[in-house]
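Colleague: Pasting input-v1.txt here (compact mmCIF, C-alpha atoms and all ligand atoms):
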```
# COMPACT_ATOMS: atom_id res chain seq x y z
CA MET A 1 6.64 -22.69 -29.02
CA ALA A 2 5.73 -20.00 -26.48
CA ALA A 3 8.41 -18.85 -24.05
CA LYS A 4 7.88 -20.35 -20.59
CA ILE A 5 8.12 -17.81 -17.80
CA VAL A 6 7.71 -18.37 -14.05
CA ILE A 7 7.07 -15.29 -11.93
CA VAL A 8 7.35 -15.47 -8.14
CA GLY A 9 5.92 -12.32 -6.65
CA SER A 10 3.21 -10.04 -5.38
CA PHE A 11 -0.36 -9.23 -6.14
CA ASN A 12 -1.85 -6.00 -4.76
CA THR A 13 -5.16 -4.36 -5.34
CA ASP A 14 -4.26 -0.87 -6.57
CA LEU A 15 -6.39 1.96 -5.14
CA THR A 16 -5.45 4.77 -7.51
CA THR A 17 -6.37 8.44 -7.24
CA TYR A 18 -5.64 10.74 -10.19
CA MET A 19 -5.00 14.41 -9.36
CA GLU A 20 -3.57 17.63 -10.73
CA ARG A 21 -0.61 17.56 -8.36
CA MET A 22 0.56 15.74 -5.21
CA PRO A 23 -0.32 17.28 -1.83
CA ARG A 24 2.53 18.66 0.26
CA PRO A 25 2.89 17.23 3.83
CA GLY A 26 -0.11 18.46 5.88
CA GLU A 27 -2.01 19.65 2.80
CA THR A 28 -5.33 18.31 1.42
CA VAL A 29 -5.96 18.42 -2.33
CA TYR A 30 -8.92 17.27 -4.41
CA GLY A 31 -8.57 14.05 -6.37
CA ARG A 32 -10.09 13.88 -9.82
CA GLU A 33 -10.89 10.21 -10.23
CA PHE A 34 -10.51 7.03 -8.16
CA VAL A 35 -10.00 3.58 -9.70
CA ILE A 36 -9.69 0.13 -8.11
CA GLY A 37 -7.74 -2.37 -10.19
CA PRO A 38 -5.35 -5.33 -10.14
CA GLY A 39 -1.69 -4.53 -9.48
CA GLY A 40 1.40 -5.73 -7.62
CA LYS A 41 4.76 -5.91 -9.32
CA GLY A 42 4.79 -9.69 -9.75
CA SER A 43 1.27 -9.91 -11.05
CA ASN A 44 1.72 -6.92 -13.39
CA GLN A 45 4.76 -8.66 -14.87
CA ALA A 46 2.79 -11.90 -15.23
CA VAL A 47 -0.07 -10.14 -17.05
CA ALA A 48 2.33 -8.30 -19.36
CA ALA A 49 4.29 -11.48 -20.18
CA ALA A 50 1.04 -13.35 -20.95
CA ARG A 51 -0.16 -10.53 -23.23
CA LEU A 52 3.19 -10.73 -25.05
CA GLY A 53 2.48 -14.38 -25.83
CA ALA A 54 4.40 -16.22 -23.11
CA ASP A 55 3.21 -19.29 -21.25
CA VAL A 56 3.16 -17.83 -17.71
CA THR A 57 2.97 -19.45 -14.28
CA PHE A 58 2.47 -17.05 -11.38
CA ILE A 59 3.45 -18.15 -7.86
CA GLY A 60 2.15 -16.03 -5.01
CA ARG A 61 -0.37 -15.57 -2.20
CA VAL A 62 -3.58 -13.59 -1.85
CA GLY A 63 -6.04 -13.44 1.04
CA GLN A 64 -9.43 -15.11 1.24
CA ASP A 65 -11.14 -11.79 0.44
CA VAL A 66 -12.68 -9.91 -2.50
CA PHE A 67 -9.35 -8.39 -3.46
CA GLY A 68 -7.91 -11.90 -3.79
CA GLU A 69 -10.80 -12.72 -6.16
CA MET A 70 -9.70 -9.78 -8.31
CA GLY A 71 -6.27 -11.38 -8.71
CA LEU A 72 -7.73 -14.74 -9.69
CA LYS A 73 -10.03 -13.08 -12.20
CA ILE A 74 -7.31 -11.23 -14.10
CA TRP A 75 -4.99 -14.28 -14.13
CA GLN A 76 -7.79 -16.46 -15.47
CA ASP A 77 -8.78 -13.82 -18.05
CA GLU A 78 -5.16 -13.62 -19.26
CA GLY A 79 -4.60 -17.38 -19.40
CA ILE A 80 -2.00 -17.40 -16.59
CA ASN A 81 -1.42 -20.68 -14.72
CA THR A 82 -2.82 -20.21 -11.18
CA ASP A 83 -2.16 -23.77 -9.94
CA PHE A 84 0.38 -22.47 -7.42
CA ILE A 85 -1.56 -19.51 -6.02
CA VAL A 86 -2.31 -19.95 -2.30
CA ARG A 87 -5.37 -18.28 -0.69
CA ASP A 88 -3.81 -17.38 2.66
CA PRO A 89 -6.20 -17.87 5.61
CA ASN A 90 -4.40 -15.45 7.96
CA HIS A 91 -3.56 -12.37 5.89
CA ALA A 92 -5.47 -9.91 3.73
CA THR A 93 -4.60 -9.49 0.06
CA GLY A 94 -1.92 -6.84 -0.50
CA VAL A 95 -3.17 -3.33 -1.25
CA ALA A 96 -1.44 -0.31 -2.78
CA PRO A 97 -2.87 3.22 -2.48
CA ILE A 98 -1.40 5.06 -5.50
CA PHE A 99 -1.47 8.77 -6.32
CA VAL A 100 -0.88 9.85 -9.92
CA GLU A 101 -0.54 13.52 -10.91
CA ASP A 102 -1.11 15.06 -14.33
CA SER A 103 2.59 14.83 -15.21
CA GLY A 104 2.19 11.01 -15.08
CA GLU A 105 4.43 10.70 -11.98
CA ASN A 106 3.21 8.59 -9.06
CA VAL A 107 3.75 7.77 -5.39
CA ILE A 108 2.77 4.39 -3.93
CA VAL A 109 2.32 2.89 -0.46
CA VAL A 110 2.22 -0.92 -0.39
CA ALA A 111 0.62 -2.90 2.48
CA LEU A 112 2.00 -6.32 1.59
CA GLY A 113 -0.39 -8.59 3.56
CA ALA A 114 -0.45 -12.13 2.13
CA ASN A 115 2.51 -11.41 -0.17
CA GLN A 116 4.78 -11.59 2.88
CA ALA A 117 3.50 -15.07 3.79
CA ILE A 118 4.78 -16.92 0.70
CA GLN A 119 6.64 -20.01 1.90
CA LYS A 120 9.20 -22.48 0.57
CA ALA A 121 6.45 -25.11 0.25
CA ASP A 122 4.60 -22.82 -2.23
CA LEU A 123 7.65 -22.84 -4.48
CA ASP A 124 8.52 -26.50 -3.92
CA ALA A 125 5.01 -27.41 -5.10
CA ALA A 126 5.88 -25.79 -8.44
CA ALA A 127 9.31 -27.44 -8.81
CA GLU A 128 8.31 -29.43 -11.89
CA ILE A 129 6.90 -26.40 -13.73
CA ILE A 130 9.97 -24.34 -12.78
CA ALA A 131 12.24 -27.05 -14.20
CA GLN A 132 10.46 -26.80 -17.57
CA ALA A 133 10.61 -22.98 -17.79
CA ASP A 134 13.07 -20.72 -19.62
CA VAL A 135 13.16 -17.71 -17.32
CA LEU A 136 12.29 -17.01 -13.67
CA VAL A 137 11.50 -13.47 -12.49
CA THR A 138 11.12 -12.19 -8.94
CA GLN A 139 10.91 -8.80 -7.16
CA LEU A 140 11.05 -7.41 -3.60
CA GLU A 141 7.37 -7.30 -2.63
CA ILE A 142 7.57 -10.76 -1.06
CA ASN A 143 9.69 -11.73 1.92
CA TYR A 144 13.36 -11.62 1.03
CA ASP A 145 14.04 -15.22 2.08
CA MET A 146 11.63 -16.31 -0.64
CA VAL A 147 13.31 -14.02 -3.18
CA ALA A 148 16.56 -15.86 -2.40
CA TYR A 149 14.86 -19.27 -2.51
CA ALA A 150 13.17 -18.52 -5.84
CA LEU A 151 16.47 -17.44 -7.43
CA LYS A 152 18.24 -20.51 -5.99
CA LEU A 153 15.56 -22.86 -7.39
CA GLY A 154 15.73 -21.10 -10.75
CA LYS A 155 19.50 -21.48 -10.96
CA GLU A 156 19.42 -25.13 -9.82
CA LYS A 157 16.93 -25.93 -12.57
CA GLY A 158 19.05 -24.17 -15.21
CA LEU A 159 16.76 -21.17 -15.87
CA ARG A 160 17.85 -17.65 -16.60
CA THR A 161 16.99 -15.60 -13.53
CA ILE A 162 15.85 -11.97 -13.35
CA LEU A 163 15.89 -10.02 -10.08
CA ASN A 164 13.83 -6.83 -10.21
CA PRO A 165 14.97 -5.22 -6.92
CA ALA A 166 11.82 -3.15 -6.48
CA PRO A 167 10.75 -1.51 -4.32
CA ALA A 168 14.22 -0.48 -3.14
CA GLY A 169 15.87 -2.82 -0.65
CA THR A 170 19.18 -4.45 0.17
CA LEU A 171 19.99 -8.11 -0.34
CA PRO A 172 23.09 -10.09 0.66
CA PRO A 173 25.69 -10.32 -2.17
CA ASP A 174 25.28 -14.12 -2.36
CA VAL A 175 21.59 -13.62 -3.24
CA VAL A 176 22.32 -10.95 -5.87
CA ALA A 177 24.88 -13.38 -7.30
CA LEU A 178 22.03 -15.81 -8.10
CA ALA A 179 20.51 -13.33 -10.59
CA ASP A 180 21.65 -13.37 -14.21
CA TYR A 181 19.90 -10.04 -14.81
CA ILE A 182 19.40 -7.34 -12.18
CA THR A 183 16.95 -4.57 -13.13
CA PRO A 184 16.96 -1.63 -10.69
CA ASN A 185 15.92 1.93 -11.38
CA GLU A 186 18.42 4.59 -10.30
CA THR A 187 17.13 4.81 -6.70
CA GLU A 188 16.97 1.05 -6.31
CA LEU A 189 20.53 0.79 -7.63
CA GLU A 190 21.79 3.19 -4.97
CA VAL A 191 20.10 1.20 -2.21
CA LEU A 192 21.09 -2.24 -3.49
CA SER A 193 24.72 -1.27 -4.11
CA LYS A 194 24.88 0.70 -0.83
CA MET A 195 26.69 3.41 -2.82
CA PRO A 196 24.45 6.46 -2.45
CA GLY A 197 25.12 9.45 -4.68
CA GLY A 198 27.69 7.54 -6.68
CA GLU A 199 28.24 7.09 -10.38
CA PHE A 200 25.87 4.47 -11.64
CA THR A 201 28.36 2.42 -13.69
CA ALA A 202 30.43 1.92 -10.53
CA GLN A 203 27.29 1.14 -8.54
CA ALA A 204 26.21 -1.42 -11.13
CA GLN A 205 29.70 -2.94 -11.42
CA SER A 206 29.72 -3.48 -7.65
CA LEU A 207 26.77 -5.89 -8.04
CA LEU A 208 28.47 -8.10 -10.64
CA THR A 209 30.07 -11.32 -9.46
CA THR A 210 30.46 -13.18 -12.77
CA ASP A 211 31.03 -12.32 -16.45
CA ASP A 212 27.58 -13.69 -17.25
CA GLN A 213 25.63 -11.20 -15.15
CA THR A 214 24.06 -8.00 -16.46
CA VAL A 215 22.72 -5.01 -14.55
CA MET A 216 20.03 -3.08 -16.45
CA VAL A 217 19.37 0.34 -14.97
CA THR A 218 15.96 1.65 -15.99
CA MET A 219 16.01 5.45 -16.30
CA GLY A 220 12.52 6.34 -17.53
CA SER A 221 12.53 8.60 -20.57
CA LYS A 222 16.37 8.42 -20.71
CA GLY A 223 16.24 4.71 -21.58
CA VAL A 224 18.00 1.69 -20.06
CA GLN A 225 21.70 1.48 -19.35
CA TYR A 226 23.12 -2.04 -19.27
CA VAL A 227 26.36 -2.78 -17.47
CA ARG A 228 28.37 -6.00 -17.73
CA LYS A 229 31.88 -6.67 -16.44
CA ASN A 230 33.48 -5.68 -19.75
CA ASP A 231 30.73 -3.92 -21.65
CA SER A 232 28.03 -1.32 -21.20
CA GLY A 233 25.61 0.64 -23.35
CA LEU A 234 22.47 2.76 -23.44
CA ILE A 235 19.29 1.59 -25.14
CA PRO A 236 17.08 4.64 -25.71
CA SER A 237 13.44 4.77 -24.70
CA PHE A 238 10.54 5.24 -27.13
CA LYS A 239 8.86 8.65 -27.22
CA VAL A 240 5.16 8.36 -26.35
CA ASP A 241 2.42 10.54 -24.85
CA VAL A 242 2.65 9.65 -21.17
CA VAL A 243 -0.58 9.25 -19.20
CA ASP A 244 0.54 7.15 -16.22
CA THR A 245 4.03 5.76 -15.54
CA THR A 246 2.85 3.37 -12.80
CA GLY A 247 3.85 -0.18 -13.74
CA ALA A 248 6.30 0.91 -16.46
CA GLY A 249 9.12 -0.96 -14.70
CA ASP A 250 6.96 -4.08 -14.54
CA ALA A 251 6.22 -3.82 -18.25
CA PHE A 252 9.95 -3.46 -18.99
CA ASN A 253 10.84 -6.54 -16.93
CA ALA A 254 8.13 -8.63 -18.58
CA GLY A 255 9.08 -7.54 -22.09
CA MET A 256 12.75 -8.14 -21.51
CA ALA A 257 12.06 -11.56 -19.91
CA VAL A 258 9.90 -12.70 -22.84
CA ALA A 259 12.44 -11.46 -25.39
CA LEU A 260 15.33 -13.24 -23.65
CA ALA A 261 13.28 -16.44 -23.34
CA GLU A 262 12.58 -16.21 -27.09
CA GLY A 263 16.33 -16.05 -27.76
CA LEU A 264 16.80 -12.35 -28.62
CA GLU A 265 20.25 -10.96 -27.95
CA LEU A 266 20.73 -8.50 -25.11
CA ARG A 267 20.30 -5.17 -26.92
CA ASP A 268 17.24 -6.38 -28.83
CA ALA A 269 15.73 -7.76 -25.63
CA LEU A 270 16.24 -4.39 -23.95
CA ALA A 271 14.59 -2.56 -26.86
CA PHE A 272 11.66 -4.99 -26.61
CA GLY A 273 11.40 -4.23 -22.88
CA ASN A 274 11.55 -0.49 -23.57
CA ALA A 275 8.77 -0.73 -26.16
CA THR A 276 6.58 -2.68 -23.72
CA ALA A 277 7.19 -0.07 -21.00
CA ALA A 278 6.53 2.87 -23.32
CA LEU A 279 3.15 1.50 -24.38
CA ALA A 280 2.17 0.78 -20.75
CA CYS A 281 2.73 4.51 -20.00
CA THR A 282 0.18 5.60 -22.62
CA ARG A 283 -2.83 4.39 -20.61
CA PRO A 284 -3.96 4.60 -16.99
CA GLY A 285 -3.50 1.76 -14.50
CA THR A 286 -0.97 -1.03 -14.09
CA ALA A 287 -1.95 -4.59 -15.08
CA ARG A 288 -4.81 -3.31 -17.22
CA ALA A 289 -2.43 -0.96 -19.05
CA MET A 290 -0.08 -3.70 -20.23
CA PRO A 291 0.20 -3.87 -24.04
CA HIS A 292 -0.42 -6.88 -26.27
CA ARG A 293 2.20 -8.44 -28.54
CA ASP A 294 0.95 -6.89 -31.79
CA GLU A 295 1.24 -3.38 -30.29
CA VAL A 296 4.84 -3.97 -29.19
CA ASP A 297 5.81 -5.48 -32.53
CA ALA A 298 4.23 -2.50 -34.33
CA LEU A 299 6.11 0.06 -32.20
CA LEU A 300 9.42 -1.75 -32.76
CA ALA A 301 8.78 -2.01 -36.51
CA LYS A 302 8.01 1.74 -36.67
CA SER A 303 11.36 2.57 -35.04
CA LYS A 304 13.42 0.61 -37.62
O1 LIG B 401 5.01 -1.28 -10.06
C1 LIG B 401 3.69 -0.85 -9.85
C2 LIG B 401 3.09 -1.61 -8.71
O2 LIG B 401 3.75 -1.30 -7.52
C3 LIG B 401 1.65 -1.28 -8.46
O3 LIG B 401 0.76 -2.09 -9.18
C4 LIG B 401 1.52 -1.45 -6.96
O4 LIG B 401 0.69 -2.51 -6.57
C5 LIG B 401 2.94 -1.63 -6.44
O5 LIG B 401 3.18 -2.94 -6.19
```
Kindly return the structure encoded in the file as structure tokens.

Modeller:
Amino acid sequence: MAAKIVIVGSFNTDLTTYMERMPRPGETVYGREFVIGPGGKGSNQAVAAARLGADVTFIGRVGQDVFGEMGLKIWQDEGINTDFIVRDPNHATGVAPIFVEDSGENVIVVALGANQAIQKADLDAAAEIIAQADVLVTQLEINYDMVAYALKLGKEKGLRTILNPAPAGTLPPDVVALADYITPNETELEVLSKMPGGEFTAQAQSLLTTDDQTVMVTMGSKGVQYVRKNDSGLIPSFKVDVVDTTGAGDAFNAGMAVALAEGLELRDALAFGNATAALACTRPGTARAMPHRDEVDALLAKSK
């Protein structure tokens, strides 16, 4: 049976410009190509999880505008349950101008719009579906009260909960304690732990309340470092030809969530997440760059 994943999070329309290099402050540079496509950390994770074979419900808000239609289209195309998507009458769909340079690195500005208007009632409406799921995933592109509420609902219903604290932000310790898995990159770890410039094992340890929690620090081409109260280890990344790293973190979270929901043990789940992220970096875009299950399985098989 397919793994059941609930994702509470954002949809943004990504407005991506590809260029040789980023402009410096005050400088104008020529862009090479401009692409409009579906994005948003929550939605990217939902698309990736669906392509990996999971049964995915996405809970979020978009505006009553053309960008909102773009979200509905990709979710319907990917077979994602949209029963709990609200078309917000008062806010525009989130947008994210993104700049990607030839090295594959990116910078992003997110105007959250309707993502910030998600309410408890949106989640309560999905209580039955949440109760039947294996894993719940959320991120920080919705209002933080709803991040806390989503994690609380997930724990109450007995799910495994994943907090992807991106983009960087701080949350009260009692909210972080509701996450079984916490998946920051190095910058996000500094901000969440409020230990800037520190050593990342200590930063990660400071987030752990129970023996059951795991912090997974995503470090790009260096791999993923996991830290538990009494254990830690590095799972190396896969070497690929990088075209665009935007959405790599989302791919990792989705892959890892699906693998855990399917019963893989921690290190294998992390390798599965790494393979999903590596493949997402080999093509431009975010949601549209997410790999399918056969590609991930093939990459993992090649590495054995
Ligand atoms: O993680 C990548 C995503 O961050 C983009 O799709 C953009 O919308 C921002 O949310």

Colleague: Would you please work out which residue, of A:Ala127, A:Ile36, A:Val107, A:Ile118, is nearest to Thr246 in chain A when using all atoms listed in the file?

Modeller: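 Counting all atoms listed in the file, the residue closest to Thr246 in chain A is A:Val107.
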
Colleague: List all protein, DNA and RNA residues that have any atom at most 10 Å from ligand LIG 401 (chain B), counting only C-alpha atoms and all ligand atoms, and write the list as number ranges by chain.

Modeller: A: 9-16, 37-45, 94-98, 106-112, 139-141, 166-167, 245-251, 285-288

Colleague: So which residues touch Asp134 in chain A within 9 Å, counting all atoms listed in the file, skipping near sequence neighbours fewer than 6 positions away, as an NGL selection string?

Modeller: :A and (3-6 or 158-161 or 260-262)

Colleague: Of the candidates A:Gly79, A:Pro23, A:Gly53, A:Gly31, which one gets nearest to Ala2 in chain A if we count all atoms listed in the file?

Modeller: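 Selected residue with least distance to Ala2 in chain A: A:Gly53.
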
Colleague: Between A:Ala117, A:Leu153, A:Ala54, A:Gly63, single out the one closest to Arg293 in chain A, counting all atoms listed in the file.

Modeller: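 The shortest atom-to-atom distance to Arg293 in chain A comes from A:Ala54.
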
Colleague: Identify which of the residues A:Gly197, A:Gly220, A:Gly233, A:Pro291 lies closest to Gly255 in chain A, counting only C-alpha atoms when measuring atom-to-atom distances.

Modeller: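 Smallest distance to Gly255 in chain A is found for A:Pro291.
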
Colleague: Write out as a list of chain:residue names which residues come within 12 Å of Gly104 in chain A when counting all atoms listed in the file, dropping same-chain ones fewer than 5 positions away.

Modeller: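 Surrounding residues, per the criterion: A:Thr17, A:Tyr18, A:Met19, A:Glu20, A:Arg21, A:Met22, A:Ile98, A:Phe99, A:Gly220, A:Ser221, A:Val240, A:Asp241, A:Val242, A:Val243, A:Asp244, A:Thr245, A:Thr246, A:Gly247, A:Ala248, A:Ala280, A:Cys281, A:Thr282, A:Arg283, A:Pro284, A:Gly285.
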
Colleague: Once you have the residues from the selection above, write them out as a CSV table (one decimal), in the frame of the given file, restricted to C-alpha atoms.

Modeller:
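Writing the result to again36.csv gives the following:
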```csv
chain,number,residue,atom,x,y,z
A,17,THR,CA,-6.4,8.4,-7.2
A,18,TYR,CA,-5.6,10.7,-10.2
A,19,MET,CA,-5.0,14.4,-9.4
A,20,GLU,CA,-3.6,17.6,-10.7
A,21,ARG,CA,-0.6,17.6,-8.4
A,22,MET,CA,0.6,15.7,-5.2
A,98,ILE,CA,-1.4,5.1,-5.5
A,99,PHE,CA,-1.5,8.8,-6.3
A,220,GLY,CA,12.5,6.3,-17.5
A,221,SER,CA,12.5,8.6,-20.6
A,240,VAL,CA,5.2,8.4,-26.4
A,241,ASP,CA,2.4,10.5,-24.8
A,242,VAL,CA,2.6,9.6,-21.2
A,243,VAL,CA,-0.6,9.2,-19.2
A,244,ASP,CA,0.5,7.2,-16.2
A,245,THR,CA,4.0,5.8,-15.5
A,246,THR,CA,2.8,3.4,-12.8
A,247,GLY,CA,3.8,-0.2,-13.7
A,248,ALA,CA,6.3,0.9,-16.5
A,280,ALA,CA,2.2,0.8,-20.8
A,281,CYS,CA,2.7,4.5,-20.0
A,282,THR,CA,0.2,5.6,-22.6
A,283,ARG,CA,-2.8,4.4,-20.6
A,284,PRO,CA,-4.0,4.6,-17.0
A,285,GLY,CA,-3.5,1.8,-14.5
```

Colleague: Can you measure CA of Ala92 in chain A to CA of Glu69 in chain A for me? One decimal in Å is fine.

Modeller: 11.6 Å

Colleague: Given all atoms listed in the file as the basis, pick out the residue of A:Ile80, A:Val215, A:Leu72, A:Val62 nearest to Leu234 in chain A.

Modeller: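 Using all atoms listed in the file, the shortest distance to Leu234 in chain A belongs to A:Val215.
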
Colleague: Could you check the closest approach to Asp297 in chain A for each of A:Gly273, A:Pro184, A:Gly113, A:Gly60 and tell me which residue wins, using only C-alpha atoms?

Modeller: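 Distance minimum relative to Asp297 in chain A lands on A:Gly273.
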
Colleague: Please compute the CA of Thr214 in chain A-CA of Asn164 in chain A distance, one decimal, in Å.

Modeller: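 A separation of 12.0 Å between them.
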
Colleague: Rounded to one decimal in Å, what is the spacing between CA of Asp211 in chain A and CA of Gln225 in chain A?

Modeller: 16.9 Å

Colleague: Which residues, written as a JSON list (two decimals) with C-alpha atoms, keeping the file's coordinate frame, have at least one atom at most 9 Å from Val176 in chain A, with only C-alpha atoms counted and residues fewer than 6 positions away on the same chain left out?

Modeller:
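What landed in selection18.json:
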```json
[["chain", "number", "residue", "atom", "x", "y", "z"],
["A", 148, "ALA", "CA", 16.56, -15.86, -2.40],
["A", 151, "LEU", "CA", 16.47, -17.44, -7.43],
["A", 163, "LEU", "CA", 15.89, -10.02, -10.08],
["A", 182, "ILE", "CA", 19.40, -7.34, -12.18],
["A", 207, "LEU", "CA", 26.77, -5.89, -8.04],
["A", 208, "LEU", "CA", 28.47, -8.10, -10.64],
["A", 209, "THR", "CA", 30.07, -11.32, -9.46]]
```

Colleague: Set up a box along x, y and z of the file covering all listed atoms of range 81-86 of chain A, add 3 Å on every one of the six sides, and write the centre and edge lengths in Å to one decimal, as AutoDock Vina command-line options.

Modeller:
```
--center_x -1.2 --center_y -21.6 --center_z -8.5 --size_x 9.2 --size_y 10.3 --size_z 18.4
```
